[in-house]
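Source file: my_file24.cif; contents: mmCIF, C-alpha atoms.
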```cif
data_run
#
loop_
_atom_site.label_atom_id
_atom_site.label_comp_id
_atom_site.auth_asym_id
_atom_site.auth_seq_id
_atom_site.Cartn_x
_atom_site.Cartn_y
_atom_site.Cartn_z
CA MET A 14 57.36 69.06 164.54
CA ALA A 15 53.85 69.77 165.63
CA PRO A 16 51.93 69.82 162.35
CA PRO A 17 52.86 66.35 161.04
CA GLN A 18 51.43 64.69 164.12
CA PRO A 19 47.74 65.07 163.43
CA LYS A 20 48.32 63.99 159.86
CA ALA A 21 49.91 60.78 160.91
CA ALA A 22 47.06 60.13 163.24
CA ALA A 23 44.45 60.79 160.59
CA LYS A 24 45.89 58.45 158.03
CA PRO A 25 45.48 55.10 159.71
CA ALA A 26 41.99 56.12 160.67
CA ALA A 27 41.06 56.79 157.06
CA VAL A 28 42.09 53.43 155.73
CA PRO A 29 39.73 51.27 157.75
CA ALA A 30 37.00 53.78 157.04
CA GLY A 31 37.36 52.98 153.34
CA GLY A 32 35.90 49.62 154.15
CA VAL A 33 37.02 46.90 151.77
CA LYS A 34 40.71 46.11 152.02
CA LYS A 35 42.13 45.23 148.66
CA ALA A 36 44.06 42.04 148.36
CA LYS A 37 47.73 42.81 147.86
CA VAL A 38 48.85 41.92 144.38
CA GLY A 39 52.55 42.54 144.48
CA LYS A 40 54.88 43.06 141.64
CA PRO A 41 57.84 40.74 141.56
CA ARG A 42 60.68 42.43 143.38
CA ASN A 43 63.22 40.74 141.20
CA TYR A 44 63.78 42.07 137.72
CA ASP A 45 65.87 41.40 134.67
CA LEU A 46 68.99 43.50 134.35
CA GLY A 47 69.43 42.39 130.78
CA ASN A 48 71.50 39.58 129.33
CA GLY A 49 69.48 37.14 131.38
CA VAL A 50 70.93 38.41 134.64
CA VAL A 51 68.47 39.23 137.40
CA ARG A 52 68.90 41.86 140.05
CA PHE A 53 68.68 39.51 143.02
CA SER A 54 70.30 36.14 143.12
CA LYS A 55 68.46 32.99 143.97
CA ALA A 56 69.96 33.01 147.46
CA LYS A 57 69.00 36.64 147.99
CA MET A 58 65.43 35.96 146.90
CA PHE A 59 65.35 32.97 149.22
CA HIS A 60 66.14 35.37 152.02
CA LYS A 61 63.80 38.10 150.85
CA LYS A 62 60.85 35.79 150.51
CA ALA A 63 61.70 34.28 153.90
CA LYS A 64 61.55 30.85 152.43
CA TYR A 65 63.69 29.55 155.27
CA LYS A 66 60.57 29.65 157.36
CA PHE A 67 59.04 26.96 155.24
CA VAL A 68 61.97 24.68 154.80
CA GLY A 69 61.04 21.17 155.82
CA LYS A 70 57.43 22.13 156.36
CA LYS A 71 54.68 20.62 154.41
CA ASN A 72 51.21 21.84 153.94
CA PRO A 73 48.74 19.04 154.19
CA LYS A 74 47.36 18.72 150.72
CA ALA A 75 43.63 19.02 150.45
CA GLU A 76 42.54 15.94 148.58
CA LYS A 77 40.56 16.66 145.53
CA PRO A 78 37.53 14.54 144.88
CA LYS A 79 38.36 12.25 142.02
CA LYS A 80 36.32 12.68 138.93
CA PRO A 81 34.96 9.45 137.53
CA THR A 82 36.49 8.47 134.22
CA VAL A 83 34.21 5.53 133.54
CA ALA A 84 30.55 4.98 133.91
CA VAL A 85 28.77 1.71 134.40
CA LYS A 86 25.84 1.28 132.11
CA GLN A 87 23.09 -1.18 132.29
CA ILE A 88 22.52 -3.27 129.20
CA GLY A 89 19.47 -5.16 128.36
CA GLY A 90 19.28 -8.57 126.76
CA GLU A 91 20.31 -11.95 127.90
CA LYS A 92 23.74 -13.36 128.41
CA ASN A 93 25.31 -9.94 128.20
CA GLY A 94 26.65 -9.70 131.64
CA GLY A 95 24.12 -7.00 132.43
CA THR A 96 26.51 -4.05 132.73
CA ARG A 97 29.31 -2.40 130.76
CA THR A 98 31.93 0.04 131.96
CA VAL A 99 32.16 2.83 129.42
CA LEU A 100 34.85 5.51 129.21
CA LEU A 101 33.41 8.93 129.69
CA ARG A 102 35.97 10.49 127.40
CA ARG A 103 36.48 9.07 124.01
CA ARG A 104 39.78 7.64 123.05
CA LYS A 105 41.76 9.33 120.33
CA SER A 106 41.11 7.98 116.93
CA PHE A 107 44.27 9.45 115.35
CA TYR A 108 47.79 8.85 116.46
CA PRO A 109 50.39 10.68 114.38
CA THR A 110 53.46 8.67 113.49
CA GLN A 111 55.66 11.73 113.13
CA ASP A 112 56.36 14.50 115.56
CA LYS A 113 55.00 17.84 114.64
CA ILE A 114 57.48 20.36 113.38
CA VAL A 115 57.56 23.07 115.94
CA LYS A 116 58.33 26.50 114.65
CA ARG A 117 60.62 28.24 117.07
CA SER A 118 59.79 31.87 117.13
CA HIS A 119 62.82 32.86 119.13
CA HIS A 120 65.28 31.34 116.74
CA LEU A 121 65.97 33.92 114.11
CA THR A 122 67.22 32.59 110.88
CA PHE A 123 70.57 33.82 109.62
CA SER A 124 68.92 35.87 106.93
CA LYS A 125 67.08 37.82 109.60
CA HIS A 126 70.12 38.63 111.70
CA VAL A 127 70.86 42.28 112.26
CA ARG A 128 73.79 43.32 110.08
CA ARG A 129 76.39 45.66 111.42
CA THR A 130 78.82 47.22 109.06
CA ARG A 131 81.96 48.94 110.23
CA PRO A 132 81.22 52.65 110.47
CA ASN A 133 83.98 53.66 108.05
CA LEU A 134 82.53 51.52 105.28
CA THR A 135 80.20 53.99 103.66
CA PRO A 136 79.40 54.15 99.95
CA GLY A 137 82.27 55.82 98.12
CA THR A 138 84.99 54.47 100.40
CA VAL A 139 88.09 53.12 98.71
CA CYS A 140 88.65 49.62 100.03
CA ILE A 141 91.53 47.20 99.77
CA LEU A 142 90.38 43.68 99.00
CA LEU A 143 92.12 41.03 101.06
CA ALA A 144 90.70 37.83 99.67
CA GLY A 145 89.37 36.31 96.51
CA ARG A 146 90.77 36.53 93.04
CA HIS A 147 90.93 40.31 93.21
CA ALA A 148 92.90 40.37 96.45
CA GLY A 149 95.20 43.37 96.76
CA LYS A 150 93.16 45.59 94.51
CA ARG A 151 91.90 48.93 95.59
CA VAL A 152 88.22 49.20 94.80
CA VAL A 153 85.34 51.55 95.45
CA LEU A 154 82.53 50.57 97.77
CA VAL A 155 79.21 51.17 96.05
CA ALA A 156 76.69 49.96 98.60
CA VAL A 157 76.07 47.65 101.51
CA LEU A 158 73.52 45.02 100.58
CA SER A 159 70.81 43.75 102.90
CA SER A 160 72.75 40.54 103.49
CA GLY A 161 75.56 42.60 104.99
CA LEU A 162 77.85 41.99 102.06
CA LEU A 163 79.61 44.93 100.50
CA LEU A 164 79.04 45.74 96.86
CA VAL A 165 82.26 46.95 95.29
CA THR A 166 83.45 47.90 91.84
CA GLY A 167 86.96 48.45 90.47
CA PRO A 168 85.89 50.45 88.44
CA PHE A 169 86.30 47.73 85.85
CA ALA A 170 88.24 49.91 83.44
CA PHE A 171 90.80 50.72 86.14
CA ASN A 172 91.68 47.41 87.67
CA SER A 173 89.31 44.91 86.04
CA CYS A 174 87.43 44.25 89.24
CA PRO A 175 83.76 43.95 88.31
CA LEU A 176 80.70 44.70 90.39
CA ARG A 177 81.14 42.18 93.10
CA ARG A 178 80.01 41.26 96.58
CA ILE A 179 82.50 40.76 99.39
CA PRO A 180 82.17 40.30 103.16
CA GLN A 181 83.42 43.25 105.16
CA ARG A 182 85.88 40.98 106.95
CA TYR A 183 87.87 40.65 103.75
CA VAL A 184 88.25 44.33 103.20
CA ILE A 185 90.35 47.17 104.63
CA GLY A 186 88.41 50.41 104.50
CA THR A 187 90.68 53.35 103.80
CA SER A 188 90.09 56.93 104.80
CA THR A 189 89.97 57.93 101.15
CA LYS A 190 86.41 58.59 100.16
CA ILE A 191 84.94 59.42 96.79
CA ASP A 192 81.84 61.56 96.90
CA LEU A 193 79.31 59.64 94.85
CA GLY A 194 76.81 62.47 95.23
CA ASP A 195 73.23 61.48 94.72
CA PHE A 196 74.06 58.27 92.93
CA LYS A 197 71.40 55.68 93.58
CA LEU A 198 71.99 52.03 93.06
CA PRO A 199 69.38 50.45 90.78
CA ALA A 200 66.93 48.48 92.89
CA HIS A 201 67.46 45.28 90.95
CA LEU A 202 71.09 45.07 92.04
CA ASP A 203 70.37 43.06 95.17
CA ASP A 204 71.66 39.87 96.68
CA ALA A 205 69.55 37.68 94.42
CA TYR A 206 71.09 39.37 91.38
CA PHE A 207 74.60 38.39 92.42
CA LYS A 208 73.72 34.93 93.60
CA LYS A 209 75.57 32.25 91.72
CA ASN A 210 73.42 30.51 89.20
CA LYS A 211 74.20 26.96 90.19
CA LYS A 212 72.65 25.43 87.12
CA SER A 213 74.92 27.28 84.77
CA THR A 214 78.03 26.34 86.67
CA LYS A 215 77.08 22.69 86.97
CA ARG A 216 80.05 20.58 86.13
CA SER A 217 78.43 17.53 84.68
CA VAL A 218 77.38 18.56 81.26
CA LYS A 219 75.26 16.10 79.37
CA ARG A 220 77.17 14.73 76.45
CA LYS A 221 75.84 13.80 73.11
CA GLN A 222 76.46 10.33 71.81
CA GLY A 223 79.72 9.85 70.07
CA GLU A 224 81.40 12.63 71.99
CA ASP A 225 84.72 11.96 73.61
CA ILE A 226 83.89 11.10 77.19
CA PHE A 227 87.38 11.91 78.41
CA ALA A 228 87.42 15.35 76.98
CA THR A 229 86.89 17.70 79.88
CA LYS A 230 84.45 20.34 79.02
CA LYS A 231 84.86 23.53 80.93
CA GLU A 232 82.17 26.08 80.96
CA LYS A 233 83.57 29.52 80.82
CA TYR A 234 81.86 32.28 82.67
CA VAL A 235 80.53 34.88 80.33
CA PRO A 236 78.87 37.93 81.80
CA SER A 237 75.40 38.53 80.59
CA GLU A 238 74.37 41.64 78.71
CA GLN A 239 72.43 42.73 81.76
CA ARG A 240 75.55 42.56 83.88
CA LYS A 241 77.56 44.49 81.36
CA ALA A 242 74.94 47.21 81.24
CA ASP A 243 74.78 47.45 85.03
CA GLN A 244 78.57 47.52 85.27
CA LYS A 245 78.66 50.36 82.83
CA LEU A 246 75.97 52.27 84.68
CA VAL A 247 77.64 52.02 88.07
CA ASP A 248 81.17 52.57 86.80
CA GLU A 249 80.09 55.67 84.94
CA ALA A 250 78.90 57.26 88.16
CA VAL A 251 82.06 56.27 90.04
CA VAL A 252 84.43 57.44 87.30
CA LYS A 253 82.54 60.70 87.03
CA ALA A 254 82.87 61.23 90.76
CA ILE A 255 86.60 60.59 90.52
CA GLY A 256 86.88 62.99 87.60
CA ALA A 257 85.28 65.74 89.66
CA ARG A 258 88.15 65.69 92.13
CA THR A 259 91.22 67.87 91.88
CA ASP A 260 93.55 64.92 92.42
CA LYS A 261 91.82 62.79 89.81
CA LYS A 262 95.02 61.80 88.07
CA GLN A 263 96.64 60.54 91.22
CA LEU A 264 93.46 58.90 92.42
CA ARG A 265 93.17 56.99 89.18
CA GLY A 266 96.71 55.77 89.56
CA TYR A 267 95.94 54.86 93.14
CA LEU A 268 92.99 52.69 92.16
CA LYS A 269 94.98 51.08 89.38
CA ALA A 270 97.85 50.19 91.66
CA ALA A 271 97.74 47.13 93.87
CA PHE A 272 98.23 47.25 97.60
CA GLY A 273 101.24 45.56 99.10
CA LEU A 274 103.36 45.61 102.22
CA ARG A 275 107.04 46.46 102.14
CA SER A 276 109.55 45.35 104.72
CA SER A 277 109.02 46.79 108.18
CA GLN A 278 105.46 47.70 107.32
CA TYR A 279 102.94 46.15 109.63
CA PRO A 280 99.26 46.51 108.83
CA HIS A 281 98.27 46.92 112.47
CA ARG A 282 100.61 49.89 112.77
CA LEU A 283 99.62 51.54 109.51
CA ARG A 284 96.90 54.04 109.01
CA PHE A 285 94.64 53.45 106.07
CA MET B 39 135.31 60.16 124.05
CA PRO B 40 134.21 61.24 127.49
CA PHE B 41 130.59 61.80 128.25
CA ALA B 42 129.34 65.23 127.29
CA ARG B 43 125.80 65.22 128.65
CA PHE B 44 125.16 64.67 132.31
CA VAL B 45 122.16 64.40 134.54
CA GLU B 46 122.66 67.70 136.26
CA PRO B 47 120.50 70.67 137.31
CA GLY B 48 119.31 72.46 134.21
CA ARG B 49 119.86 69.53 131.84
CA VAL B 50 116.99 69.30 129.37
CA ALA B 51 115.81 65.80 128.54
CA LEU B 52 113.20 64.17 126.37
CA VAL B 53 110.90 61.70 128.08
CA ALA B 54 111.20 58.50 126.10
CA GLU B 55 108.42 56.44 127.61
CA GLY B 56 105.51 56.54 129.97
CA PRO B 57 102.57 58.93 130.06
CA LEU B 58 104.83 61.95 129.43
CA LYS B 59 106.38 60.39 126.34
CA GLY B 60 107.67 62.94 123.87
CA LYS B 61 107.70 65.87 126.29
CA LEU B 62 110.67 68.00 127.25
CA VAL B 63 111.63 68.27 130.89
CA SER B 64 114.43 69.94 132.73
CA VAL B 65 116.28 68.32 135.60
CA VAL B 66 115.91 70.28 138.83
CA ASP B 67 117.56 67.92 141.25
CA VAL B 68 118.99 64.44 141.29
CA ILE B 69 117.24 62.28 143.86
CA ASP B 70 119.44 59.21 143.65
CA GLN B 71 121.24 57.11 141.08
CA THR B 72 118.06 56.15 139.30
CA ARG B 73 115.72 59.09 139.76
CA ALA B 74 115.68 62.81 139.24
CA LEU B 75 113.32 65.61 140.05
CA VAL B 76 112.21 67.23 136.83
CA ASP B 77 110.07 70.15 135.84
CA GLY B 78 108.63 71.25 132.53
CA PRO B 79 106.89 74.60 132.82
CA GLY B 80 107.34 75.21 129.11
CA SER B 81 105.96 71.84 128.03
CA GLY B 82 103.12 71.34 130.46
CA VAL B 83 104.86 68.89 132.75
CA ALA B 84 104.33 69.32 136.48
CA ARG B 85 107.27 69.03 138.81
CA GLN B 86 107.76 65.37 139.63
CA GLN B 87 110.27 62.63 140.00
CA ILE B 88 111.12 60.44 137.07
CA ARG B 89 113.34 57.45 136.50
CA LEU B 90 116.51 58.26 134.63
CA ASN B 91 116.09 55.41 132.17
CA GLN B 92 112.90 57.12 131.04
CA LEU B 93 114.92 60.15 129.98
CA HIS B 94 116.96 60.82 126.89
CA LEU B 95 119.36 63.68 127.54
CA THR B 96 119.56 66.50 125.04
CA LYS B 97 122.40 68.88 124.33
CA PHE B 98 120.49 71.76 125.95
CA ARG B 99 121.10 72.99 129.44
CA LEU B 100 119.22 75.71 131.27
CA ASN B 101 120.95 77.93 133.72
CA TYR B 102 119.49 77.87 137.22
CA PRO B 103 120.61 76.63 140.63
CA PHE B 104 119.57 73.17 141.73
CA THR B 105 116.18 72.79 143.46
CA ALA B 106 115.09 76.02 141.80
CA PRO B 107 111.35 76.67 142.10
CA THR B 108 109.16 76.35 139.04
CA ARG B 109 109.02 80.09 138.42
CA VAL B 110 112.81 80.21 138.14
CA VAL B 111 112.79 77.22 135.81
CA ARG B 112 110.06 78.86 133.72
CA LYS B 113 112.05 82.06 133.43
CA ALA B 114 115.20 80.21 132.41
CA TRP B 115 113.13 78.16 129.94
CA THR B 116 111.60 81.20 128.24
CA ASP B 117 114.78 83.25 128.35
CA ALA B 118 116.70 80.47 126.64
CA LYS B 119 113.89 80.14 124.03
CA LEU B 120 114.13 76.43 124.62
CA ASN B 121 110.95 75.47 122.75
CA GLU B 122 112.07 77.22 119.56
CA LYS B 123 115.56 75.81 119.83
CA TRP B 124 114.20 72.34 120.35
CA THR B 125 111.89 72.43 117.33
CA GLU B 126 114.77 73.67 115.20
CA SER B 127 117.05 70.86 116.30
CA GLN B 128 117.62 67.91 114.01
CA TRP B 129 116.47 65.50 116.67
CA ALA B 130 113.08 67.18 116.95
CA GLN B 131 112.73 67.38 113.20
CA LYS B 132 113.46 63.70 112.85
CA LEU B 133 110.83 62.96 115.45
CA ALA B 134 108.37 65.19 113.61
CA ASN B 135 109.11 63.41 110.34
CA LYS B 136 108.60 60.07 112.02
CA GLU B 137 105.27 61.25 113.30
CA LYS B 138 104.34 62.55 109.87
CA ARG B 139 105.17 59.21 108.35
CA ALA B 140 103.08 57.37 110.93
CA GLN B 141 100.13 59.62 110.20
CA MET B 142 100.22 58.92 106.49
CA THR B 143 97.22 57.15 105.08
CA ASP B 144 97.32 54.51 102.39
CA TYR B 145 96.63 57.10 99.70
CA ASP B 146 99.39 59.36 101.06
CA ARG B 147 101.84 56.50 100.92
CA PHE B 148 100.89 55.89 97.31
CA LYS B 149 101.36 59.56 96.46
CA LEU B 150 104.75 59.58 98.13
CA THR B 151 105.87 56.53 96.17
CA ALA B 152 104.68 58.10 92.94
CA ALA B 153 106.56 61.31 93.73
CA ARG B 154 109.72 59.39 94.49
CA VAL B 155 109.49 57.43 91.25
CA LYS B 156 109.16 60.70 89.38
CA ARG B 157 112.11 62.27 91.17
CA ASN B 158 114.32 59.24 90.68
CA ARG B 159 113.51 59.10 86.98
CA ALA B 160 114.45 62.73 86.54
CA ARG B 161 117.63 62.28 88.52
CA THR B 162 118.70 59.19 86.59
CA ALA B 163 118.08 60.94 83.31
CA VAL B 164 120.22 63.90 84.29
CA PHE B 165 122.92 61.63 85.64
CA LYS B 166 123.05 59.63 82.44
CA SER B 167 123.30 62.66 80.23
CA MET B 168 126.09 64.04 82.42
CA LYS B 169 127.85 60.72 82.23
CA VAL B 170 127.71 60.72 78.45
CA LYS B 171 128.99 64.29 78.33
CA ALA B 172 131.82 63.48 80.69
CA ALA B 173 132.77 60.41 78.72
CA ARG B 174 132.85 62.40 75.54
CA ALA B 175 135.07 64.99 77.16
CA GLY B 176 137.34 62.25 78.35
CA THR B 177 137.00 63.02 82.03
CA PHE B 178 135.01 59.91 82.89
CA GLY B 179 135.31 56.30 81.83
CA LYS B 180 137.86 54.62 79.61
CA LYS B 181 136.24 54.44 76.23
CA LYS B 182 135.66 57.43 74.14
CA ILE B 183 132.07 57.46 73.16
CA PRO B 184 131.39 58.42 69.57
CA LYS B 185 129.19 61.39 69.12
CA THR B 186 125.65 60.32 68.56
CA ALA B 187 122.34 61.95 69.13
CA VAL B 188 121.81 62.11 72.85
CA LYS B 189 118.54 60.57 73.84
CA LYS B 190 116.23 62.99 75.46
CA PRO B 191 115.56 62.21 79.09
CA ARG B 192 112.12 60.75 79.61
CA THR B 193 111.00 63.00 82.38
CA LYS B 194 112.59 66.14 83.60
CA LYS B 195 109.81 67.69 85.57
CA ALA B 196 110.28 69.50 88.82
CA VAL B 197 110.47 67.28 91.85
CA SER B 198 107.17 67.08 93.59
CA LYS B 199 106.44 69.19 96.65
CA LYS B 200 107.03 66.42 99.15
CA PRO B 201 110.37 66.57 100.99
CA ALA B 202 112.69 64.01 99.56
CA LYS B 203 113.93 62.65 102.84
CA LYS B 204 110.51 62.15 104.33
#
```
As structure tokens, how would this structure be written, given the file I've shared?
Amino acid sequence: MAPPQPKAAAKPAAVPAGGVKKAKVGKPRNYDLGNGVVRFSKAKMFHKKAKYKFVGKKNPKAEKPKKPTVAVKQIGGEKNGGTRTVLLRRRKSFYPTQDKIVKRSHHLTFSKHVRRTRPNLTPGTVCILLAGRHAGKRVVLVAVLSSGLLLVTGPFAFNSCPLRRIPQRYVIGTSTKIDLGDFKLPAHLDDAYFKKNKKSTKRSVKRKQGEDIFATKKEKYVPSEQRKADQKLVDEAVVKAIGARTDKKQLRGYLKAAFGLRSSQYPHRLRF
Amino acid sequence: MPFARFVEPGRVALVAEGPLKGKLVSVVDVIDQTRALVDGPGSGVARQQIRLNQLHLTKFRLNYPFTAPTRVVRKAWTDAKLNEKWTESQWAQKLANKEKRAQMTDYDRFKLTAARVKRNRARTAVFKSMKVKAARAGTFGKKKIPKTAVKKPRTKKAVSKKPAKK
């Protein structure tokens, strides 16, 4: 243990020789562990910082010299009082009647939320729909849209389920997958495309004069030519992918058949 | 009928619950009225005590003295070809079928249903034609059925590969 000794002696000597001692700028010892939890509790930090030493003690506050807010000005002329006190800072000339709308940067809007899809829901998965007018049908997942909704298709010729959006909550993803290959969804099939056109489904239809006001007029949904073309395009790819399989006949029957539970079948015990 | 299977040295049992569920063990010694010392050198179970109500006794019994060491149990186990005998037994096959059923996916279930429909159709068709034949011969039914063209059965394909009982 002989060699370390001179070293230890040399070190403290070197520091004062450096001359200027830097002011200690410490990093905060406490840090965020994530989820808003910090490493050291408030009580622990109280101890660490030795705040107990200062409890009940008060530093005498150094009084700041007050800055004058008004100035006294001399005014000429008679019967004027001679002086005026004038504010050094001008008063505001505009007082808004409404509060400003503050944009909160930390509040993400719903549309910006990160979407997480269940890992088994990949394009080509056969899904069982659990809600909506097509509930019980087995459909093919085509894509996951940016809103997090699943885009599914029957195909329409199999079970008359059209291209349709559905939340993943209302779907059971099965282990049966159809290899869609390099099928690419047309870019225009996005959330805006499937959004309900509220104007067209408006209930109150303006009536012409002389029309029976009690006659209820129902607007029937008619798919547009664009929709029909897109349906055809997507279904063609899906049907082709099914046709490429060796069990195509059975798979077709599978997609055409509806899902149902028999007695003593419990969905939480079944494999899908 | 008196009891035929006892908790006795050499008795082979199936563990019905707990972490060893589904494994075969052999009783080495009876500790008390509720517990036994078991060993399963052929099924990967270390020698340990187990509660008797966790065991389901099988018809198999190995031949070794009580408190036999594991090597003796192992020898008896392999000499008796217990593992093969167990997998051949109806009990084990039923368990295997149950497991197979539980592992079926939605698509498998559909395929099974389709196969059963096919089989039942074929069976009904054959049964009906036999019934008509028997009636005509006078060996079945009361009325004599006049001879008419027998309708061809709708489907008479071979029953699909899936076991019928599954």
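Distances to Trp115 of chain B were evaluated for B:Ala42, B:Ala74, B:Val170, B:Val63 using only C-alpha atoms, and the minimum falls at B:Val63.
The part of chain B that reaches within 9 Å of chain A is made up of Ala140, Gln141, Met142, Thr143, Asp144, Tyr145, Phe148, Lys149 and Ala152 of chain B, counting all atoms listed in the file.
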**Request:** Report as a list of chain:residue names the residues that result from applying the PyMOL selection byres ((chain A and resi 138) around 9) to the structure here.
**Result:**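 Selection result, ordered by chain and number: A:Asn133, A:Leu134, A:Thr135, A:Pro136, A:Gly137, A:Val139, A:Cys140, A:Val152, A:Val153, A:Leu154, A:Val155, A:Gly186, A:Thr187, A:Ser188, A:Thr189, A:Lys190, A:Ile191, A:Asp192.
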Using C-alpha atoms, can you export the residues from the last selection as a PDB file, in the frame of the given file?
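Saved result, result-v2.pdb, follows:
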```
ATOM      1  CA  ASN A 133      83.980  53.660 108.050  1.00  0.00           C
ATOM      2  CA  LEU A 134      82.530  51.520 105.280  1.00  0.00           C
ATOM      3  CA  THR A 135      80.200  53.990 103.660  1.00  0.00           C
ATOM      4  CA  PRO A 136      79.400  54.150  99.950  1.00  0.00           C
ATOM      5  CA  GLY A 137      82.270  55.820  98.120  1.00  0.00           C
ATOM      6  CA  VAL A 139      88.090  53.120  98.710  1.00  0.00           C
ATOM      7  CA  CYS A 140      88.650  49.620 100.030  1.00  0.00           C
ATOM      8  CA  VAL A 152      88.220  49.200  94.800  1.00  0.00           C
ATOM      9  CA  VAL A 153      85.340  51.550  95.450  1.00  0.00           C
ATOM     10  CA  LEU A 154      82.530  50.570  97.770  1.00  0.00           C
ATOM     11  CA  VAL A 155      79.210  51.170  96.050  1.00  0.00           C
ATOM     12  CA  GLY A 186      88.410  50.410 104.500  1.00  0.00           C
ATOM     13  CA  THR A 187      90.680  53.350 103.800  1.00  0.00           C
ATOM     14  CA  SER A 188      90.090  56.930 104.800  1.00  0.00           C
ATOM     15  CA  THR A 189      89.970  57.930 101.150  1.00  0.00           C
ATOM     16  CA  LYS A 190      86.410  58.590 100.160  1.00  0.00           C
ATOM     17  CA  ILE A 191      84.940  59.420  96.790  1.00  0.00           C
ATOM     18  CA  ASP A 192      81.840  61.560  96.900  1.00  0.00           C
TER      19      ASP A 192
END
```
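Put simply, the PyMOL selection byres ((chain B and resi 54-58) around 8) in this file takes in Leu52, Val53, Lys59, Gly60, Lys61, Val83, Gln92, Leu93 and His94 of chain B.
One finds atom CA of Glu249 of chain A at 10.9 Å from atom CA of Thr166 of chain A.
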**Request:** Provide the atom CA of Gly179 of chain B to atom CA of Lys166 of chain B distance in Å, to one decimal place.
**Result:** 12.7 Å
**Request:** List, as a ChimeraX atom specification, every residue that the PyMOL selection byres ((chain B and resi 44) around 12) selects in the file provided.
**Result:** /B:40-43,45-51,64-65,68,74,90,93-99
**Asked** For Gly145 of chain A, which residue out of A:Ala257, A:Pro180, A:Gly161, A:Gln111 is the nearest one, using all atoms listed in the file?
**Response**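 Among the listed residues, the smallest separation from Gly145 of chain A belongs to A:Pro180.
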**Message:** Between atom CA of Ala205 of chain A and atom CA of Lys150 of chain A, what is the distance in Å, rounded to a tenth?
**Reply:**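 One can read the atom CA of Ala205 of chain A to atom CA of Lys150 of chain A distance as 24.9 Å.
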**Asked** Which neighbours of segment 80-92 of chain A fall inside 12 Å, counting only C-alpha atoms, when residues of the same chain fewer than 3 positions from it are skipped, and could you give them as a list of chain:residue names?
**Response**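 Near segment 80-92 of chain A, the qualifying residues are A:Glu76, A:Lys77, A:Gly95, A:Thr96, A:Arg97, A:Thr98, A:Val99, A:Leu100, A:Leu101, A:Arg102, A:Arg103, A:Arg104.
The list of residues within 12 Å of (76.9, 48.9, 110.4), counted using all atoms listed in the file, is A:Val127, A:Arg128, A:Arg129, A:Thr130, A:Arg131, A:Pro132, A:Asn133, A:Leu134, A:Thr135, A:Pro136, A:Ala156, A:Val157, A:Leu158, A:Ser159, A:Ser160, A:Gly161, A:Leu162, A:Leu163, A:Gln181.
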